[in-house]
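Enquirer: Sharing target-v5.cif (mmCIF, C-alpha atoms) below.
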data_work
loop_
_atom_site.label_atom_id
_atom_site.label_comp_id
_atom_site.auth_asym_id
_atom_site.auth_seq_id
_atom_site.Cartn_x
_atom_site.Cartn_y
_atom_site.Cartn_z
CA MET A 248 0.00 0.00 0.00
CA ASN A 249 1.37 3.39 -1.01
CA TYR A 250 1.10 5.39 2.23
CA GLU A 251 2.97 8.34 0.77
CA LYS A 252 0.48 8.73 -2.08
CA ILE A 253 -2.52 8.32 0.21
CA SER A 254 -1.11 10.96 2.57
CA GLU A 255 -0.53 13.31 -0.34
CA ASN A 256 -4.08 12.82 -1.65
CA ILE A 257 -5.68 13.52 1.72
CA GLU A 258 -3.37 16.48 2.36
CA LEU A 259 -4.30 18.13 -0.95
CA GLN A 260 -8.02 17.68 -0.32
CA ILE A 261 -7.79 19.14 3.19
CA GLU A 262 -5.71 22.05 1.93
CA THR A 263 -8.54 22.86 -0.46
CA LEU A 264 -10.98 23.09 2.46
CA PHE A 265 -8.85 25.77 4.09
CA GLU A 266 -7.53 27.59 1.03
CA GLU A 267 -9.81 30.59 1.40
CA LEU A 268 -9.01 30.66 5.13
CA ARG A 269 -5.28 30.15 4.70
CA SER A 270 -4.68 33.62 6.13
CA GLY A 271 -6.82 35.36 8.69
CA ILE A 272 -8.66 32.60 10.55
CA SER A 273 -10.33 34.12 13.57
CA ALA A 274 -8.19 33.56 16.64
CA ARG A 275 -9.29 31.19 19.39
CA GLU A 276 -8.46 31.49 23.05
CA ASP A 277 -6.28 28.37 23.10
CA SER A 278 -4.89 25.61 20.90
CA ARG A 279 -7.62 23.18 21.92
CA ALA A 280 -10.38 25.52 20.73
CA PHE A 281 -8.48 26.25 17.52
CA GLY A 282 -8.07 22.53 16.95
CA ALA A 283 -11.78 21.92 17.53
CA MET A 284 -12.60 24.49 14.86
CA ILE A 285 -10.23 22.82 12.38
CA GLU A 286 -11.64 19.38 13.18
CA LYS A 287 -15.23 20.59 12.75
CA ARG A 288 -14.55 21.99 9.30
CA ILE A 289 -12.98 18.74 8.13
CA THR A 290 -15.65 16.47 9.56
CA GLU A 291 -18.40 18.57 7.97
CA ASN A 292 -16.75 18.02 4.58
CA TRP A 293 -15.31 14.55 5.14
CA GLY A 294 -17.83 12.80 2.90
CA ASN A 295 -16.88 15.01 -0.05
CA VAL A 296 -13.15 14.57 0.64
CA CYS A 297 -13.47 10.79 0.48
CA SER A 298 -15.83 10.88 -2.51
CA ASN A 299 -13.36 13.01 -4.49
CA LEU A 300 -10.64 10.42 -3.86
CA GLY A 301 -12.74 7.30 -4.36
CA TYR A 302 -12.44 6.33 -0.68
CA GLN A 303 -15.32 5.07 1.47
CA ALA A 304 -16.11 7.49 4.29
CA ILE A 305 -17.00 6.00 7.67
CA ASP A 306 -19.40 7.63 10.12
CA ILE A 307 -17.72 10.05 12.52
CA PRO A 308 -16.67 7.97 15.56
CA GLY A 309 -17.54 8.45 19.21
CA ARG A 310 -15.25 10.00 21.78
CA ARG A 311 -13.66 6.69 22.80
CA THR A 312 -11.82 6.27 19.49
CA ILE A 313 -8.26 7.51 18.99
CA PHE A 314 -9.13 9.25 15.70
CA ASP A 315 -11.42 12.08 14.64
CA PHE A 316 -12.63 10.76 11.27
CA ALA A 317 -12.04 7.65 9.19
CA CYS A 318 -12.43 5.91 5.85
CA ASN A 319 -11.81 2.62 4.08
CA ILE A 320 -9.05 2.60 1.48
CA GLU A 321 -8.50 -0.63 -0.44
CA ASN A 322 -10.53 -2.47 2.23
CA LYS A 323 -8.34 -1.15 5.03
CA LEU A 324 -9.46 1.12 7.88
CA PHE A 325 -7.70 4.49 8.08
CA GLY A 326 -8.26 6.65 11.16
CA PHE A 327 -7.20 10.31 11.07
CA ASP A 328 -6.32 12.34 14.17
CA VAL A 329 -6.11 16.14 13.92
CA LYS A 330 -3.19 17.81 15.69
CA THR A 331 -2.66 21.57 15.78
CA LYS A 332 0.77 22.99 16.48
CA ASP A 333 1.16 26.58 17.67
CA LEU A 334 4.44 27.68 16.07
CA ASP A 335 4.99 30.40 18.66
CA SER A 336 8.02 29.05 20.54
CA THR A 337 6.99 30.89 23.70
CA ARG A 338 3.70 29.00 23.96
CA TYR A 339 3.20 25.41 25.06
CA SER A 340 1.77 23.07 22.43
CA ASP A 341 1.06 19.55 23.60
CA GLY A 342 2.34 16.61 21.58
CA GLY A 343 -0.06 14.12 23.16
CA VAL A 344 -1.47 11.39 20.92
CA CYS A 345 -3.29 8.60 22.79
CA ALA A 346 -2.89 5.83 25.36
CA VAL A 347 -0.40 3.04 24.64
CA GLY A 348 -3.00 0.27 24.85
CA ASN A 349 -5.50 2.05 22.61
CA LEU A 350 -2.88 2.59 19.92
CA LEU A 351 -1.79 -1.05 19.89
CA LYS A 352 -5.41 -2.25 19.87
CA PHE A 353 -6.22 -0.13 16.84
CA LEU A 354 -3.14 -1.18 14.90
CA ALA A 355 -3.01 -4.85 15.87
CA ASN A 356 -6.64 -5.82 16.60
CA ASP A 357 -8.53 -3.51 14.23
CA LYS A 358 -5.79 -3.75 11.57
CA GLY A 359 -6.16 -0.01 11.15
CA VAL A 360 -3.76 2.65 9.89
CA PHE A 361 -3.43 5.55 12.31
CA MET A 362 -2.84 8.83 10.47
CA ILE A 363 -1.74 12.19 11.87
CA VAL A 364 -3.19 15.33 10.27
CA GLU A 365 -1.02 18.19 11.53
CA PHE A 366 -1.77 21.90 11.18
CA GLY A 367 1.03 24.36 11.94
CA HIS A 368 -0.41 27.78 12.79
CA ASP A 369 0.90 31.14 13.93
CA LYS A 370 -0.40 34.61 14.71
CA SER A 371 -1.14 36.54 11.56
CA THR A 372 1.34 39.26 10.61
CA THR A 373 -1.26 41.14 8.59
CA LYS A 374 -4.48 41.01 10.60
CA ASN A 375 -5.26 41.53 14.25
CA SER A 376 -6.89 38.70 16.23
CA SER A 377 -6.34 36.11 13.51
CA ARG A 378 -4.08 33.16 12.77
CA ASP A 379 -2.36 31.88 9.66
CA ILE A 380 -2.14 28.20 8.77
CA GLU A 381 1.51 27.81 7.87
CA TYR A 382 1.39 24.18 6.75
CA ILE A 383 -0.70 21.01 6.67
CA ARG A 384 0.98 17.60 6.90
CA VAL A 385 -0.56 14.12 6.75
CA ALA A 386 1.42 11.00 7.59
CA PRO A 387 0.95 7.49 9.03
CA PHE A 388 1.97 7.33 12.68
CA HIS A 389 3.85 4.05 12.33
CA CYS A 390 6.15 5.51 9.65
CA LEU A 391 7.53 8.41 11.73
CA PRO A 392 11.22 8.34 12.72
CA GLU A 393 12.01 6.22 15.78
CA ASN A 394 13.22 9.17 17.86
CA THR A 395 9.86 10.92 17.38
CA TYR A 396 8.04 8.60 19.80
CA ARG A 397 8.00 8.84 23.57
CA ILE A 398 5.77 7.56 26.37
CA GLU A 399 4.84 9.41 29.56
CA ASN A 400 3.32 7.98 32.71
CA LEU A 401 -0.27 9.19 32.52
CA GLY A 402 -2.49 6.31 33.54
CA THR A 403 -1.28 3.27 31.63
CA GLY A 404 1.08 5.39 29.56
CA GLN A 405 0.48 8.23 27.10
CA VAL A 406 2.06 8.28 23.64
CA ARG A 407 3.55 11.64 22.74
CA LEU A 408 5.65 13.11 19.94
CA ASN A 409 9.05 14.67 20.46
CA TYR A 410 8.85 16.49 17.14
CA THR A 411 6.17 17.72 14.79
CA VAL A 412 5.44 15.76 11.64
CA ASN A 413 6.66 18.76 9.67
CA GLN A 414 10.04 18.71 11.45
CA VAL A 415 10.70 15.07 10.57
CA TRP A 416 9.02 15.04 7.17
CA ASP A 417 12.16 14.14 5.22
CA GLU A 418 12.93 11.27 7.62
CA ILE A 419 9.60 9.45 7.35
CA ASP A 420 9.98 5.76 6.46
CA TRP A 421 7.00 5.37 4.16
CA ASN A 422 7.71 1.67 3.65
CA ARG A 423 8.03 0.65 7.31
CA SER A 424 6.05 -2.49 8.08
CA TYR A 425 3.85 -2.94 11.12
CA SER A 426 6.22 -5.64 12.33
CA ASP A 427 9.15 -3.20 12.25
CA PHE A 428 7.08 -0.55 14.01
CA PHE A 429 5.97 -2.95 16.73
CA ASP A 430 9.61 -3.90 17.35
CA ILE A 431 10.44 -0.22 17.88
CA PHE A 432 7.37 0.67 19.90
CA CYS A 433 7.24 -2.40 22.14
CA ASP A 434 10.87 -1.90 23.18
CA LEU A 435 10.05 1.73 23.99
CA ALA A 436 7.00 0.70 26.02
CA ILE A 437 8.87 -2.01 27.93
CA THR A 438 11.65 0.43 28.83
CA HIS A 439 9.05 2.95 29.97
CA TYR A 440 7.18 0.50 32.19
CA LYS A 441 10.41 -0.75 33.75
CA ARG A 442 11.35 2.84 34.58
CA VAL A 443 7.89 3.52 36.01
CA LYS A 444 8.13 0.36 38.12
CA ALA A 445 11.57 1.38 39.48
CA ASP A 446 10.34 4.89 40.26
CA ALA A 447 7.25 3.51 42.01
CA GLU A 448 9.38 1.21 44.16
CA LYS A 449 11.57 4.18 45.19
CA ARG A 450 8.48 6.20 46.13
CA ILE A 451 7.07 3.31 48.15
CA LYS A 452 10.35 3.10 50.04
CA SER A 453 10.40 6.84 50.74
CA ILE A 454 6.87 6.72 52.18
CA GLU A 455 7.72 3.65 54.27
CA GLN A 456 10.73 5.49 55.69
CA PHE A 457 8.56 8.51 56.42
CA LYS A 458 6.04 6.32 58.25
CA ASP A 459 8.72 4.46 60.22
CA GLY A 460 10.35 7.76 61.19
CA GLY A 461 7.24 9.12 62.87
CA TYR A 462 6.02 11.20 59.94
CA GLN A 463 8.96 13.59 59.93
CA ASN A 464 11.42 14.78 57.30
CA PHE A 465 9.49 13.45 54.32
CA ARG A 466 11.33 13.54 51.02
CA PHE A 467 9.33 12.38 48.02
CA ILE A 468 11.23 10.73 45.19
CA ARG A 469 10.20 12.29 41.88
#
Show this structure as structure tokens.
Expert:
Amino acid sequence: MNYEKISENIELQIETLFEELRSGISAREDSRAFGAMIEKRITENWGNVCSNLGYQAIDIPGRRTIFDFACNIENKLFGFDVKTKDLDSTRYSDGGVCAVGNLLKFLANDKGVFMIVEFGHDKSTTKNSSRDIEYIRVAPFHCLPENTYRIENLGTGQVRLNYTVNQVWDEIDWNRSYSDFFDIFCDLAITHYKRVKADAEKRIKSIEQFKDGGYQNFRFIR
């Protein structure tokens, strides 16, 4: 399956949706609200996007899915997740993706392809209270460079990105197999859980020492 061509097709269609809004989109109070606006515009036009490409659109999923909209391409499920990146270096822009277990279930059990749709945006230089879309990138998650992935300890583990898709665009391995991705990701997850386990054991010990010492001089291990 030609992931590069599929990504290009989707990217061009989405760019068309925002062409007249490429400069001067009304500003939103935070990245989450801006992202919701972007997502809404795509989902409202998702049927036409898929029809133009000969893909089969799937009903917009519920909140428990890891993607925002989906389609069938060559009898394979593709789920697309919208990410907005504020390019202002002084502002925090979260690289959170989804939980470790949910990602593996979608890829391995549902045999789906998880796609990132990334919008880079910045404050407009020509209009007050507006934002410019600087770029739109679409790529399969499992093809991103190995050093892009990281896992943080939020619940059972949260998958995050160290870099934007745009930053690593020239390093994407469009031909990476699921087997190769699972080798990379499972090693990362195992290392993460071992570290979490070691940290938890240290914290347990610190609390035990605090208790045994009469609840004085507590020092929590971070």
Enquirer: Excluding region 256-264 of chain A and any residue of its chain fewer than 6 positions from it, enumerate the residues within 9 Å of it, using only C-alpha atoms, and give them as number ranges by chain.
Expert: A: 288-289, 292, 296-297, 299-300, 364, 382-386
Enquirer: For each of A:Gly294, A:Gly309, A:Gly301, A:Gly359, take the minimum atom-to-atom distance to Gly326 (chain A), counting all atoms listed in the file, then give the residue where this is smallest.
Expert: A:Gly359
Enquirer: Considering all atoms listed in the file, state which residue in the set A:Lys287, A:Arg397, A:Arg311, A:Arg423 is at the smallest distance from Met248 (chain A).
Expert: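 With all atoms listed in the file as the atom set, the closest residue is A:Arg423.
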Enquirer: Record the distance separating CA of Thr312 (chain A) and CA of His368 (chain A), expressed in Å with one decimal.
Expert: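 Interatomic distance here is 25.3 Å.
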Enquirer: Every residue with an atom at most 7 Å from (-10.9, 11.8, 14.9) (file coordinates; only C-alpha atoms) is what I'm after, so could you write them as a ChimeraX atom specification?
Expert: /A:308,313-316,326-329
Enquirer: If you measure from CA of Phe281 (chain A) to CA of Asp379 (chain A), what distance in Å do you get, rounded to one decimal?
Expert: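 Separation between CA of Phe281 (chain A) and CA of Asp379 (chain A): 11.4 Å.
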Enquirer: Please evaluate the PyMOL selection byres ((chain A and resi 389) around 8) against the displayed coordinates and give the resulting residues as a list in words.
Expert: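 Here the PyMOL selection byres ((chain A and resi 389) around 8) matches Phe361, Pro387, Phe388, Cys390, Leu391, Arg423, Tyr425 and Phe428 of chain A.
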Enquirer: For a quick check of understanding, using only C-alpha atoms, which of A:Leu334, A:Phe325, A:Phe366, A:Leu350 has the smallest distance to Gly282 (chain A)?
Expert: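 Smallest distance to Gly282 (chain A) is found for A:Phe366.
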Enquirer: Any idea what the distance is between CA of Tyr410 (chain A) and CA of Asp333 (chain A)?
Expert: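 Computed distance, CA of Tyr410 (chain A) to CA of Asp333 (chain A), equals 12.7 Å.
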Enquirer: Return the single residue from A:Gln303, A:Asn394, A:Thr411, A:Asn319 that is closest to Thr331 (chain A), with distances computed using all atoms listed in the file.
Expert: A:Thr411
Enquirer: Restricting the calculation to only C-alpha atoms, which member of A:Ile398, A:Ile380, A:Met362, A:Ile437 is positioned closest to Glu251 (chain A)?
Expert: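 Looking only at the distances to Glu251 (chain A), the closest residue turns out to be A:Met362.
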Enquirer: So which one's closest to Leu324 (chain A), A:Gln405, A:Asn356, A:Ser424, A:Ser453? Using only C-alpha atoms, please.
Expert: A:Asn356
Enquirer: Could you list the residues chosen by the PyMOL selection byres ((chain A and resi 395) around 6) in this structure as a VMD selection string?
Expert: chain A and resid 392 to 394 396 408 to 410
Enquirer: Could you pull the residues within 10 Å of Gly404 (chain A), counting all atoms listed in the file, minus those fewer than 3 positions along the same chain, as a list in words?
Expert: Cys345, Ala346, Val347, Gly348, Arg397, Ile398, Glu399, Asn400, Leu401, Arg407, Ala436, His439, Tyr440 and Val443 of chain A
Enquirer: Return the padded bounding box of region 318-321 of chain A as lines of an AutoDock Vina configuration file: axis-aligned, built from all atoms listed in the file, 6 Å added on each side, with centre and edge lengths in Å to one decimal.
Expert:
center_x = -10.5
center_y = 2.6
center_z = 2.7
size_x = 15.9
size_y = 18.5
size_z = 18.3
